[in-house]
Amino acid sequence: MRKTLQAMSIAGLMAIGTVAMADDAIELRLSRDSGLRLAASDGSFSTRLGGRIQADGAFYDEDVAALGNGTKIRRGRVFVSGKILRDWGYKLQMDFAGSGNHIRDGYIDYRGFSAGTLRVGNFKQPFSLDNMTSSKYVSFIERSLLQEAFVPGRRIGAALLSGGANWSTAIGAFGDTVEGNEAPGEADSGFSLAGRATHAPVHSAAALLHLGLSLHYRQLPDGLDARYRTRPETNIAGVRLVDSGALSDVDARSSAALELAAAHGPLHLQGEYMVARTDADNGAAEPRFSGHYLQAGWFLTGESRAAAYSGAGGKFGAITPRADAGAWEVTARYSGIDLSDDGVIGGEQQSMTLGLSWYPNAYLRAMLNYGRVLEVDGGASDGDEPQFVQARLQLEF
């Protein structure tokens, strides 16, 4: 066996190397972009191993509702992904945080035709910039108020994904969750349709303008209620301050999202506006809910989020520090959501979150967030205005 090792220090943590077999058929590589990767030198197949650990802790200044300080392994994931005979790809990702082991992603891709990639399995329904950006790379410890209330989760289905240097499209049809039939008894599981399109008319390593539109439709199984609710941008406490309650006799629910993001040098901005509504029988309520967020960030050490943007995916990726001392980022976000309409009094909430992130190297990230509920108007938590401080240490490999 012939071995070639090319080492390059990344903040003293990891190295990049190549191990080749005698016939140069197989290479073992360790790099920032692809992690630990085993690949054929002719590109016919590859296998990559990776994962993340996110350890959180939070302290709450309660107002009305009891919240409860605590700690949590928010995510503990391991995945394997790769390519087989060039045209086929796959990914299997497990999350070991919480109770039990959960499949997060488990899908097979076919890339053998020009229209794009056909994906079949369990994966994210295409919807929302903040949602499609990995939890490793979002600007805050938790996503905005809109995420839990309006954004559809992972489901088993099929989707066609296409993209170029500054655009992306995704459209898919989905059935049940990977955990099994959520419908009562032996009722049909229902189905979902989801689509997303993005365009970046400005896209360079230092400047970005991103525009996006997402649509989602879900036909509910017979006997399954609809419900909209959300936590106050922290996950340690499970309390929801706004909650529509169970909405019965609902046939279907739909939602739409408008996306905007921009970056110029170290400054970056991002915002989304979402609406959601239900279709019901028997004269039941058909409320129209809405929400929005706007956030801004600044890299004190000069990095640019534009350099981490993927036009073909319409989402953000990893930040690589420019200097050995790491990267520092400050962020601020305002979120609002309204879950009261057509006789449903779920409440309105406005929240503010301030953040500080330190990226000591390409694999570690330390985060500190201060959050405040500015107002809850209506619903069971009317008038509640808690505050919290939450921290996270993240390792990506």
# chains A, B, ... in the order shown; residues from 1 in each chain; ligands from 1
>>> residues_around(residues="Ile319 in chain A", least_positions_apart="3", cutoff="10 Å", atoms="only C-alpha atoms", output="ChimeraX atom specification")
/A:137,303-309,316,322,327,359,361-363,365
>>> write_last_selection(atoms="N, CA, C and O atoms", output="PDB file, in the first residue's frame")
ATOM      1  N   TYR A 137     -26.065  26.082  10.757  1.00  0.00           N
ATOM      2  CA  TYR A 137     -25.640  27.315  10.103  1.00  0.00           C
ATOM      3  C   TYR A 137     -26.636  28.466  10.239  1.00  0.00           C
ATOM      4  O   TYR A 137     -26.386  29.532   9.682  1.00  0.00           O
ATOM      5  N   GLU A 303     -15.684  38.254   7.996  1.00  0.00           N
ATOM      6  CA  GLU A 303     -16.241  37.203   7.146  1.00  0.00           C
ATOM      7  C   GLU A 303     -17.535  37.692   6.480  1.00  0.00           C
ATOM      8  O   GLU A 303     -18.162  38.640   6.954  1.00  0.00           O
ATOM      9  N   SER A 304     -17.949  37.022   5.423  1.00  0.00           N
ATOM     10  CA  SER A 304     -19.193  37.381   4.739  1.00  0.00           C
ATOM     11  C   SER A 304     -20.076  36.152   4.590  1.00  0.00           C
ATOM     12  O   SER A 304     -19.619  35.083   4.161  1.00  0.00           O
ATOM     13  N   ARG A 305     -21.347  36.307   4.949  1.00  0.00           N
ATOM     14  CA  ARG A 305     -22.294  35.196   4.789  1.00  0.00           C
ATOM     15  C   ARG A 305     -22.577  34.912   3.314  1.00  0.00           C
ATOM     16  O   ARG A 305     -23.035  33.822   2.972  1.00  0.00           O
ATOM     17  N   ALA A 306     -22.312  35.879   2.449  1.00  0.00           N
ATOM     18  CA  ALA A 306     -22.496  35.664   1.020  1.00  0.00           C
ATOM     19  C   ALA A 306     -21.618  34.525   0.514  1.00  0.00           C
ATOM     20  O   ALA A 306     -22.011  33.762  -0.377  1.00  0.00           O
ATOM     21  N   ALA A 307     -20.420  34.386   1.092  1.00  0.00           N
ATOM     22  CA  ALA A 307     -19.503  33.336   0.669  1.00  0.00           C
ATOM     23  C   ALA A 307     -19.989  31.958   1.073  1.00  0.00           C
ATOM     24  O   ALA A 307     -19.528  30.949   0.526  1.00  0.00           O
ATOM     25  N   ALA A 308     -20.913  31.895   2.037  1.00  0.00           N
ATOM     26  CA  ALA A 308     -21.431  30.613   2.509  1.00  0.00           C
ATOM     27  C   ALA A 308     -22.766  30.248   1.857  1.00  0.00           C
ATOM     28  O   ALA A 308     -23.390  29.279   2.261  1.00  0.00           O
ATOM     29  N   TYR A 309     -23.195  31.019   0.864  1.00  0.00           N
ATOM     30  CA  TYR A 309     -24.500  30.809   0.233  1.00  0.00           C
ATOM     31  C   TYR A 309     -24.378  29.858  -0.955  1.00  0.00           C
ATOM     32  O   TYR A 309     -23.446  29.956  -1.758  1.00  0.00           O
ATOM     33  N   PHE A 316     -27.989  28.788   3.124  1.00  0.00           N
ATOM     34  CA  PHE A 316     -26.671  29.138   3.630  1.00  0.00           C
ATOM     35  C   PHE A 316     -25.949  27.905   4.171  1.00  0.00           C
ATOM     36  O   PHE A 316     -26.585  26.962   4.663  1.00  0.00           O
ATOM     37  N   ARG A 322     -11.558  33.584   8.993  1.00  0.00           N
ATOM     38  CA  ARG A 322     -10.456  34.091   8.179  1.00  0.00           C
ATOM     39  C   ARG A 322      -9.134  34.046   8.917  1.00  0.00           C
ATOM     40  O   ARG A 322      -8.070  34.009   8.288  1.00  0.00           O
ATOM     41  N   ALA A 327     -13.772  33.571  14.178  1.00  0.00           N
ATOM     42  CA  ALA A 327     -14.701  34.589  13.697  1.00  0.00           C
ATOM     43  C   ALA A 327     -15.678  34.958  14.802  1.00  0.00           C
ATOM     44  O   ALA A 327     -16.105  34.105  15.586  1.00  0.00           O
ATOM     45  N   TYR A 359     -16.771  31.517  16.339  1.00  0.00           N
ATOM     46  CA  TYR A 359     -16.342  30.344  15.578  1.00  0.00           C
ATOM     47  C   TYR A 359     -14.835  30.209  15.781  1.00  0.00           C
ATOM     48  O   TYR A 359     -14.049  30.798  15.027  1.00  0.00           O
ATOM     49  N   ASN A 361     -12.864  27.840  15.156  1.00  0.00           N
ATOM     50  CA  ASN A 361     -12.296  27.210  13.973  1.00  0.00           C
ATOM     51  C   ASN A 361     -13.456  26.735  13.110  1.00  0.00           C
ATOM     52  O   ASN A 361     -14.621  27.052  13.388  1.00  0.00           O
ATOM     53  N   ALA A 362     -13.156  25.993  12.077  1.00  0.00           N
ATOM     54  CA  ALA A 362     -14.180  25.597  11.120  1.00  0.00           C
ATOM     55  C   ALA A 362     -15.130  24.534  11.650  1.00  0.00           C
ATOM     56  O   ALA A 362     -16.126  24.228  10.989  1.00  0.00           O
ATOM     57  N   TYR A 363     -14.865  23.972  12.828  1.00  0.00           N
ATOM     58  CA  TYR A 363     -15.655  22.846  13.329  1.00  0.00           C
ATOM     59  C   TYR A 363     -16.438  23.162  14.595  1.00  0.00           C
ATOM     60  O   TYR A 363     -17.374  22.448  14.940  1.00  0.00           O
ATOM     61  N   ARG A 365     -18.472  26.011  17.267  1.00  0.00           N
ATOM     62  CA  ARG A 365     -19.204  27.268  17.355  1.00  0.00           C
ATOM     63  C   ARG A 365     -19.771  27.404  18.761  1.00  0.00           C
ATOM     64  O   ARG A 365     -20.415  26.472  19.266  1.00  0.00           O
TER      65      ARG A 365
END
>>> residues_around(residues="range 90-104 of chain A", least_positions_apart="3", cutoff="6 Å", atoms="only C-alpha atoms", output="PyMOL selection string")
chain A and resi 73+75-82+107-109
>>> closest_atom_pairs(of="range 171-261 of chain A", to="range 267-274 of chain A", cutoff="9 Å", atoms="only C-alpha atoms", output="JSON lines")
{"residue": "A:Leu208", "atom": "CA", "partner": "A:His268", "partner_atom": "CA", "distance": 8.7}
{"residue": "A:His210", "atom": "CA", "partner": "A:Gln270", "partner_atom": "CA", "distance": 9.0}
{"residue": "A:Ser255", "atom": "CA", "partner": "A:Met274", "partner_atom": "CA", "distance": 7.0}
{"residue": "A:Ala256", "atom": "CA", "partner": "A:Met274", "partner_atom": "CA", "distance": 5.6}
{"residue": "A:Ala257", "atom": "CA", "partner": "A:Met274", "partner_atom": "CA", "distance": 4.4}
{"residue": "A:Leu258", "atom": "CA", "partner": "A:Tyr273", "partner_atom": "CA", "distance": 5.3}
{"residue": "A:Glu259", "atom": "CA", "partner": "A:Glu272", "partner_atom": "CA", "distance": 4.7}
{"residue": "A:Leu260", "atom": "CA", "partner": "A:Gly271", "partner_atom": "CA", "distance": 5.4}
{"residue": "A:Ala261", "atom": "CA", "partner": "A:Gln270", "partner_atom": "CA", "distance": 4.2}
>>> residues_around(residues="Trp167 in chain A", least_positions_apart="5", cutoff="7 Å", atoms="only C-alpha atoms", output="count of residues only")
6
>>> atom_distance(atom1="CA of Leu395 in chain A", atom2="CA of Trp328 in chain A")
16.4 Å
>>> atom_distance(atom1="CA of Ala262 in chain A", atom2="CA of Gly291 in chain A")
20.1 Å
>>> residues_around(residues="Phe123 in chain A", least_positions_apart="2", cutoff="12 Å", atoms="only C-alpha atoms", output="NGL selection string")
:A and (90-93 or 103-109 or 119-121 or 125-127 or 131-132 or 152-159 or 172-178)
>>> atom_distance(atom1="CA of Gly302 in chain A", atom2="CA of Gly326 in chain A")
10.6 Å
>>> residues_around(residues="Asn369 in chain A", least_positions_apart="4", cutoff="9 Å", atoms="only C-alpha atoms", output="PyMOL selection string")
chain A and resi 140-141+353-357+388-392
>>> residues_around(residues="range 229-231 of chain A", least_positions_apart="6", cutoff="6 Å", atoms="only C-alpha atoms", output="list of chain:residue names")
A:Glu148, A:Ala149, A:Arg240, A:Val242, A:Asp243
>>> residues_around(residues="Gly313 in chain A", least_positions_apart="6", cutoff="10 Å", atoms="only C-alpha atoms", output="ChimeraX atom specification")
/A:129,132-133,161-170,197-198
>>> select_by_dssp(residues="range 128-222 of chain A", states="alpha helix (DSSP H)", output="PyMOL selection string")
chain A and resi 129-132+145-150
